[in-house]
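Student: Dumping the structure here so I can ask a few things about it.
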Amino acid sequence: MFGFDISSMSSMIGTDEYKRYFGHPNATKQGGITGSMSAGSFFGSLVSPNFSDTFGRKMSMHICSILWIIGCIIQCASQNVGMLVVGRVIAGMGIGFGSSAAPVYCSEIAPPRIRGTISGLFQFSVTLGIMILFYVGYGCHFIDGAAAFRLTWGLQMAPGFVLALGTLFLPESPRWLANHNRWEETETVVANVAAKGNRDDEQVKFQLEEIKEQVLIDAAAKDFSFKDLFRPKTRKKTIVGISAQMWQQLCGMNVMMYYIVYIFNMAGYTGNANLVASSIQYVLNVGMTIPALFLIDKAGRRPVLVIGGILMFTWLFAVAGLLA
């Protein structure tokens, strides 16, 4: 769903049908349309943590899917820019809920030995979603009229329905259950996930001890406030945590993701050739995520992050130089 959000616009902004129907939006207006999804995500992610801690990870993912489906319906039915923006804001709120709750759920339910890989699968799914919907948009752009973008945006509902139905069959996060003093259910979930129901398995015992320790830490930190994040004892951790998220978003890669069609247009590509050339980036994005999944638990998080950062700034610098 997060991936679909990114390429839902990039696959359409270069097409004549989209430009004609929405009055050939200028750079400012198009920036507003594209950014409206992120605005919704911002508000959704602010609300999600407290909601998730109170009502559970499953409920947050249900809310995510419902908001996403509503947003997609409004986008699909858009009669003007205002309606399109409203649809994108609502769908973005769903993404904010999901992108906060889903990685947390994955890390809390996954056995320690594959926790990094499971969390990495979240990013792999994002890159896969970007590529799939871009090619869906590419196929739909051959359709005459508004049906080209309506079909593309309507098909976004598919993963929303999958999530809404799929979460019904998932167990709740064992750590959330433990934090709400539901230890019997916690043991059942951990045993089912890690050892096919065997509560005497060593891995199950290890995970339960890990959860008990974390619950004690959470209880001790219940009065922890935002100002405590910047006290001398925790300041460095806060800066590292914020920076890791902030700089990978501000590096310029998102511009490439949302506006790759414009960038290839600057390079002289137009029409069908532009869309085909633009899709190469999304294919490479999926391809390069796969080795990272295997390396993250073996080589460690830091080397993968450092190598990825070096490669990213090298190629972004090359693109800037070539366009200049």
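Labeling convention for the structure tokens: chains A, B, ... as they appear, residues from 1 per chain, ligands from 1 in order of appearance.
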Report as a PDB file with N, CA and C atoms, in the first residue's frame all protein, DNA and RNA residues lying within 6 Å of stretch 41-44 of chain A, evaluated on only C-alpha atoms, omitting residues in the same chain fewer than 5 positions from it.
Tutor:
```pdb
ATOM      1  N   GLY A  92      -3.611   8.727   2.747  1.00  0.00           N
ATOM      2  CA  GLY A  92      -2.347   8.980   3.441  1.00  0.00           C
ATOM      3  C   GLY A  92      -2.450   8.742   4.938  1.00  0.00           C
ATOM      4  N   MET A  93      -3.593   9.098   5.520  1.00  0.00           N
ATOM      5  CA  MET A  93      -3.801   8.824   6.946  1.00  0.00           C
ATOM      6  C   MET A  93      -3.750   7.320   7.206  1.00  0.00           C
ATOM      7  N   ILE A  95      -2.000   5.192   5.422  1.00  0.00           N
ATOM      8  CA  ILE A  95      -0.582   4.839   5.316  1.00  0.00           C
ATOM      9  C   ILE A  95       0.159   5.204   6.602  1.00  0.00           C
ATOM     10  N   GLY A  96      -0.200   6.362   7.186  1.00  0.00           N
ATOM     11  CA  GLY A  96       0.424   6.771   8.450  1.00  0.00           C
ATOM     12  C   GLY A  96       0.162   5.764   9.554  1.00  0.00           C
ATOM     13  N   PHE A  97      -1.073   5.284   9.629  1.00  0.00           N
ATOM     14  CA  PHE A  97      -1.429   4.254  10.614  1.00  0.00           C
ATOM     15  C   PHE A  97      -0.631   2.973  10.340  1.00  0.00           C
TER      16      PHE A  97
END
```
Student: For stretch 81-85 of chain A, list every protein, DNA or RNA residue within 9 Å, evaluated using only C-alpha atoms, and leave out those in the same chain fewer than 3 positions away; present the list as a list in words.
Tutor: Phe22, Gly23, Pro25, Lys29, Gly32, Ile33, Thr34, Gly35, Ser36, Met37, Gly71, Ile74, Gln75, Cys76, Ala77, Ser78, Arg88, Val89 and Ile90 of chain A
Student: Among stretch 188-233 of chain A, which residues does DSSP mark as helix (DSSP H, G or I) when it is run on the backbone? Keep the chain and numbering as in the structure and answer as a ChimeraX atom specification.
Tutor: /A:188-195,202-220,226-230
Student: I want to know what sits within 8 Å of stretch 316-324 of chain A, based on only C-alpha atoms, with residues of the same chain fewer than 2 positions away left out; could you give that as a list in words?
Tutor: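 Skipping anything fewer than 2 positions along the chain leaves Gly252, Met253, Met266, Ala267, Met312, Phe313 and Thr314 of chain A.
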Student: Return as a Markdown table the residues of stretch 139-174 of chain A lying at most 12 Å from stretch 182-186 of chain A, together with the closest atom-to-atom pair for each and the distance in Å to one decimal, counting only C-alpha atoms, with rows in chain order and ascending residue number.
Tutor:
```
| residue | atom | partner | partner_atom | distance |
| --- | --- | --- | --- | --- |
| A:Pro171 | CA | A:Glu185 | CA | 9.4 |
| A:Glu172 | CA | A:Thr186 | CA | 8.6 |
| A:Ser173 | CA | A:Thr186 | CA | 8.0 |
| A:Pro174 | CA | A:Thr186 | CA | 4.7 |
```
Student: May I have the residues from that selection written out with C-alpha atoms, as a short mmCIF file (atom, residue, chain, number, x, y, z; two decimals), in the first residue's frame?
Tutor:
```
data_model
loop_
_atom_site.label_atom_id
_atom_site.label_comp_id
_atom_site.auth_asym_id
_atom_site.auth_seq_id
_atom_site.Cartn_x
_atom_site.Cartn_y
_atom_site.Cartn_z
CA PRO A 171 -2.59 -13.23 16.20
CA GLU A 172 -2.17 -10.07 18.26
CA SER A 173 1.37 -8.90 19.06
CA PRO A 174 2.66 -10.92 22.06
#
```
